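start38.pdb follows (PDB, C-alpha atoms, pLDDT in the B column):
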```pdb
ATOM      1  CA  MET A 292      16.552  17.137 -53.454  1.00 70.00           C
ATOM      2  CA  SER A 293      18.333  13.953 -54.416  1.00 86.00           C
ATOM      3  CA  ALA A 294      17.104  11.009 -56.432  1.00 93.00           C
ATOM      4  CA  PRO A 295      15.870   8.011 -54.415  1.00 96.00           C
ATOM      5  CA  VAL A 296      18.462   5.269 -53.942  1.00 98.00           C
ATOM      6  CA  LYS A 297      17.575   1.586 -53.643  1.00 98.00           C
ATOM      7  CA  MET A 298      20.135  -1.106 -52.887  1.00 98.00           C
ATOM      8  CA  TYR A 299      19.756  -4.860 -52.877  1.00 98.00           C
ATOM      9  CA  CYS A 300      22.163  -6.062 -50.197  1.00 98.00           C
ATOM     10  CA  THR A 301      23.045  -8.579 -47.483  1.00 97.00           C
ATOM     11  CA  ALA A 302      24.059  -7.996 -43.871  1.00 94.00           C
ATOM     12  CA  VAL A 303      27.713  -9.043 -44.239  1.00 95.00           C
ATOM     13  CA  CYS A 304      28.602  -7.836 -47.744  1.00 96.00           C
ATOM     14  CA  PRO A 305      31.733  -5.632 -47.638  1.00 98.00           C
ATOM     15  CA  TYR A 306      30.918  -4.151 -51.067  1.00 98.00           C
ATOM     16  CA  CYS A 307      27.462  -3.159 -49.811  1.00 98.00           C
ATOM     17  CA  MET A 308      29.102  -1.366 -46.883  1.00 97.00           C
ATOM     18  CA  MET A 309      31.570   0.400 -49.194  1.00 98.00           C
ATOM     19  CA  ALA A 310      28.693   1.485 -51.451  1.00 98.00           C
ATOM     20  CA  GLU A 311      26.855   2.885 -48.424  1.00 97.00           C
ATOM     21  CA  ARG A 312      29.968   4.811 -47.354  1.00 97.00           C
ATOM     22  CA  LEU A 313      30.461   6.249 -50.840  1.00 98.00           C
ATOM     23  CA  LEU A 314      26.819   7.325 -51.010  1.00 98.00           C
ATOM     24  CA  ALA A 315      27.032   8.805 -47.495  1.00 97.00           C
ATOM     25  CA  SER A 316      30.067  10.831 -48.611  1.00 97.00           C
ATOM     26  CA  LYS A 317      27.764  12.305 -51.283  1.00 96.00           C
ATOM     27  CA  GLY A 318      25.192  13.266 -48.653  1.00 95.00           C
ATOM     28  CA  ILE A 319      22.856  10.343 -49.359  1.00 95.00           C
ATOM     29  CA  THR A 320      21.535   9.155 -46.010  1.00 89.00           C
ATOM     30  CA  GLN A 321      18.237   7.640 -47.118  1.00 94.00           C
ATOM     31  CA  ILE A 322      18.814   4.332 -48.899  1.00 97.00           C
ATOM     32  CA  GLU A 323      16.024   1.816 -49.378  1.00 97.00           C
ATOM     33  CA  LYS A 324      17.830  -1.398 -48.478  1.00 97.00           C
ATOM     34  CA  ILE A 325      16.359  -4.668 -49.653  1.00 97.00           C
ATOM     35  CA  ARG A 326      17.949  -7.563 -47.775  1.00 97.00           C
ATOM     36  CA  VAL A 327      18.130 -10.503 -50.160  1.00 97.00           C
ATOM     37  CA  ASP A 328      19.675 -12.678 -47.439  1.00 97.00           C
ATOM     38  CA  LEU A 329      16.422 -12.397 -45.465  1.00 96.00           C
ATOM     39  CA  ASP A 330      14.028 -12.718 -48.418  1.00 95.00           C
ATOM     40  CA  PRO A 331      14.913 -15.182 -51.211  1.00 94.00           C
ATOM     41  CA  GLN A 332      12.009 -13.881 -53.306  1.00 97.00           C
ATOM     42  CA  GLN A 333      13.679 -10.457 -53.377  1.00 97.00           C
ATOM     43  CA  ARG A 334      16.905 -12.102 -54.659  1.00 96.00           C
ATOM     44  CA  GLU A 335      14.903 -13.710 -57.477  1.00 97.00           C
ATOM     45  CA  LEU A 336      13.313 -10.354 -58.281  1.00 97.00           C
ATOM     46  CA  MET A 337      16.732  -8.663 -58.231  1.00 98.00           C
ATOM     47  CA  MET A 338      18.158 -11.252 -60.628  1.00 97.00           C
ATOM     48  CA  GLN A 339      15.189 -10.860 -62.994  1.00 97.00           C
ATOM     49  CA  GLN A 340      15.513  -7.057 -62.968  1.00 96.00           C
ATOM     50  CA  THR A 341      19.297  -6.799 -63.243  1.00 97.00           C
ATOM     51  CA  GLY A 342      20.463 -10.049 -64.817  1.00 97.00           C
ATOM     52  CA  ARG A 343      23.022 -10.249 -61.988  1.00 97.00           C
ATOM     53  CA  ARG A 344      23.357 -12.540 -58.980  1.00 95.00           C
ATOM     54  CA  THR A 345      25.700 -10.496 -56.801  1.00 97.00           C
ATOM     55  CA  VAL A 346      25.074  -7.741 -54.277  1.00 98.00           C
ATOM     56  CA  PRO A 347      24.988  -4.854 -54.029  1.00 98.00           C
ATOM     57  CA  GLN A 348      22.730  -3.952 -56.931  1.00 98.00           C
ATOM     58  CA  ILE A 349      22.121  -0.240 -56.777  1.00 98.00           C
ATOM     59  CA  TYR A 350      19.423   1.903 -58.357  1.00 98.00           C
ATOM     60  CA  VAL A 351      19.480   5.686 -58.410  1.00 97.00           C
ATOM     61  CA  GLY A 352      15.987   6.737 -59.340  1.00 95.00           C
ATOM     62  CA  ASP A 353      15.004   4.435 -62.218  1.00 95.00           C
ATOM     63  CA  THR A 354      18.610   3.940 -63.328  1.00 96.00           C
ATOM     64  CA  HIS A 355      20.277   0.608 -62.549  1.00 97.00           C
ATOM     65  CA  VAL A 356      23.816   1.627 -61.641  1.00 98.00           C
ATOM     66  CA  GLY A 357      25.074  -1.905 -60.944  1.00 98.00           C
ATOM     67  CA  GLY A 358      27.370  -2.959 -58.132  1.00 98.00           C
ATOM     68  CA  PHE A 359      29.957  -1.139 -56.046  1.00 98.00           C
ATOM     69  CA  ASP A 360      32.590  -1.192 -58.794  1.00 98.00           C
ATOM     70  CA  ASP A 361      30.097   0.408 -61.191  1.00 98.00           C
ATOM     71  CA  LEU A 362      29.104   3.020 -58.581  1.00 98.00           C
ATOM     72  CA  SER A 363      32.756   3.834 -57.892  1.00 98.00           C
ATOM     73  CA  ALA A 364      33.562   4.081 -61.621  1.00 98.00           C
ATOM     74  CA  LEU A 365      30.634   6.485 -62.112  1.00 98.00           C
ATOM     75  CA  ASP A 366      31.976   8.617 -59.282  1.00 98.00           C
ATOM     76  CA  ARG A 367      35.514   8.664 -60.716  1.00 98.00           C
ATOM     77  CA  ALA A 368      34.087   9.662 -64.122  1.00 98.00           C
ATOM     78  CA  GLY A 369      32.230  12.579 -62.512  1.00 97.00           C
ATOM     79  CA  LYS A 370      28.849  11.132 -63.475  1.00 97.00           C
ATOM     80  CA  LEU A 371      27.527  10.068 -60.056  1.00 97.00           C
ATOM     81  CA  ASP A 372      26.794  13.542 -58.651  1.00 96.00           C
ATOM     82  CA  PRO A 373      24.572  14.589 -61.597  1.00 96.00           C
ATOM     83  CA  LEU A 374      22.719  11.256 -61.374  1.00 96.00           C
ATOM     84  CA  LEU A 375      22.121  11.707 -57.647  1.00 96.00           C
ATOM     85  CA  GLN A 376      20.823  15.249 -58.183  1.00 92.00           C
ATOM     86  CA  ALA A 377      18.302  14.179 -60.847  1.00 77.00           C
TER      87      ALA A 377
END
```
Written as structure tokens, how would this file's structure read?
Amino acid sequence: MSAPVKMYCTAVCPYCMMAERLLASKGITQIEKIRVDLDPQQRELMMQQTGRRTVPQIYVGDTHVGGFDDLSALDRAGKLDPLLQA
């Protein structure tokens, strides 16, 4: 059983797509995607929660991971797998 993953994203964001591919390589196929390009209120909520304006903004469980670079750095440090298994 893996932790739930939520990602604030847009339709054309290459970093969002790379984050999805990285998560898929870890066996994560269920991602709650919140399209901020379709719902400006969700972008406001994302910015209030994260303090960031850019997408993707990724949560694993209750943990705000950050963007793709943060997700990738966690993976390289060997810390993503344990977080996903929580």
Exercise. What does the distance between CA of Tyr306 (chain A) and CA of Asp361 (chain A) come to in Å, to one decimal place?
Worked result: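 Answer for the CA of Tyr306 (chain A) to CA of Asp361 (chain A) separation: 11.1 Å.
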Run the PyMOL selection byres ((chain A and resi 297) around 9) against the file shown and list the residues it catches, as a short mmCIF file (atom, residue, chain, number, x, y, z; two decimals) with C-alpha atoms, in the frame of the given file.
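Done, and the output landed in selection_7.cif:
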```cif
data_model
loop_
_atom_site.label_atom_id
_atom_site.label_comp_id
_atom_site.auth_asym_id
_atom_site.auth_seq_id
_atom_site.Cartn_x
_atom_site.Cartn_y
_atom_site.Cartn_z
CA PRO A 295 15.87 8.01 -54.42
CA VAL A 296 18.46 5.27 -53.94
CA MET A 298 20.14 -1.11 -52.89
CA TYR A 299 19.76 -4.86 -52.88
CA GLN A 321 18.24 7.64 -47.12
CA ILE A 322 18.81 4.33 -48.90
CA GLU A 323 16.02 1.82 -49.38
CA LYS A 324 17.83 -1.40 -48.48
CA ILE A 325 16.36 -4.67 -49.65
CA GLN A 348 22.73 -3.95 -56.93
CA ILE A 349 22.12 -0.24 -56.78
CA TYR A 350 19.42 1.90 -58.36
CA VAL A 351 19.48 5.69 -58.41
CA GLY A 352 15.99 6.74 -59.34
#
```
For this session: Compile the contact shell of Gln376 (chain A) as a list in words: residues with an atom at most 7 Å away, counting only C-alpha atoms, same-chain residues fewer than 5 positions apart removed.
Result: Met292, Ser293 and Ala294 of chain A
Restricting the output to C-alpha atoms, write the selected residues as a CSV table (one decimal), keeping the file's coordinate frame.
```
chain,number,residue,atom,x,y,z
A,292,MET,CA,16.6,17.1,-53.5
A,293,SER,CA,18.3,14.0,-54.4
A,294,ALA,CA,17.1,11.0,-56.4
```
For this session: Given the file shown, determine the residues that the PyMOL selection byres ((chain A and resi 337) around 12) selects; report them as an MDAnalysis selection string.
Result: chainID A and resid 297:300 325:328 330:336 338:350 355 357
For this session: Give me the residues within 12 Å of Asp366 (chain A) as a ChimeraX atom specification, counting all atoms listed in the file and dropping any in the same chain fewer than 5 places off.
Result: /A:310,313-314,316-317,356,359-361,371-375
Problem set entry | Computed interatomic separation between CA of Asp353 (chain A) and CA of Ala377 (chain A) (Å) |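 Straight-line distance from CA of Asp353 (chain A) to CA of Ala377 (chain A) works out to 10.4 Å.
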Exercise. What is the distance, in Å and to one decimal place, between CA of Leu329 (chain A) and CA of Leu365 (chain A)?
Worked result: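 For CA of Leu329 (chain A) relative to CA of Leu365 (chain A), the distance reads 28.9 Å.
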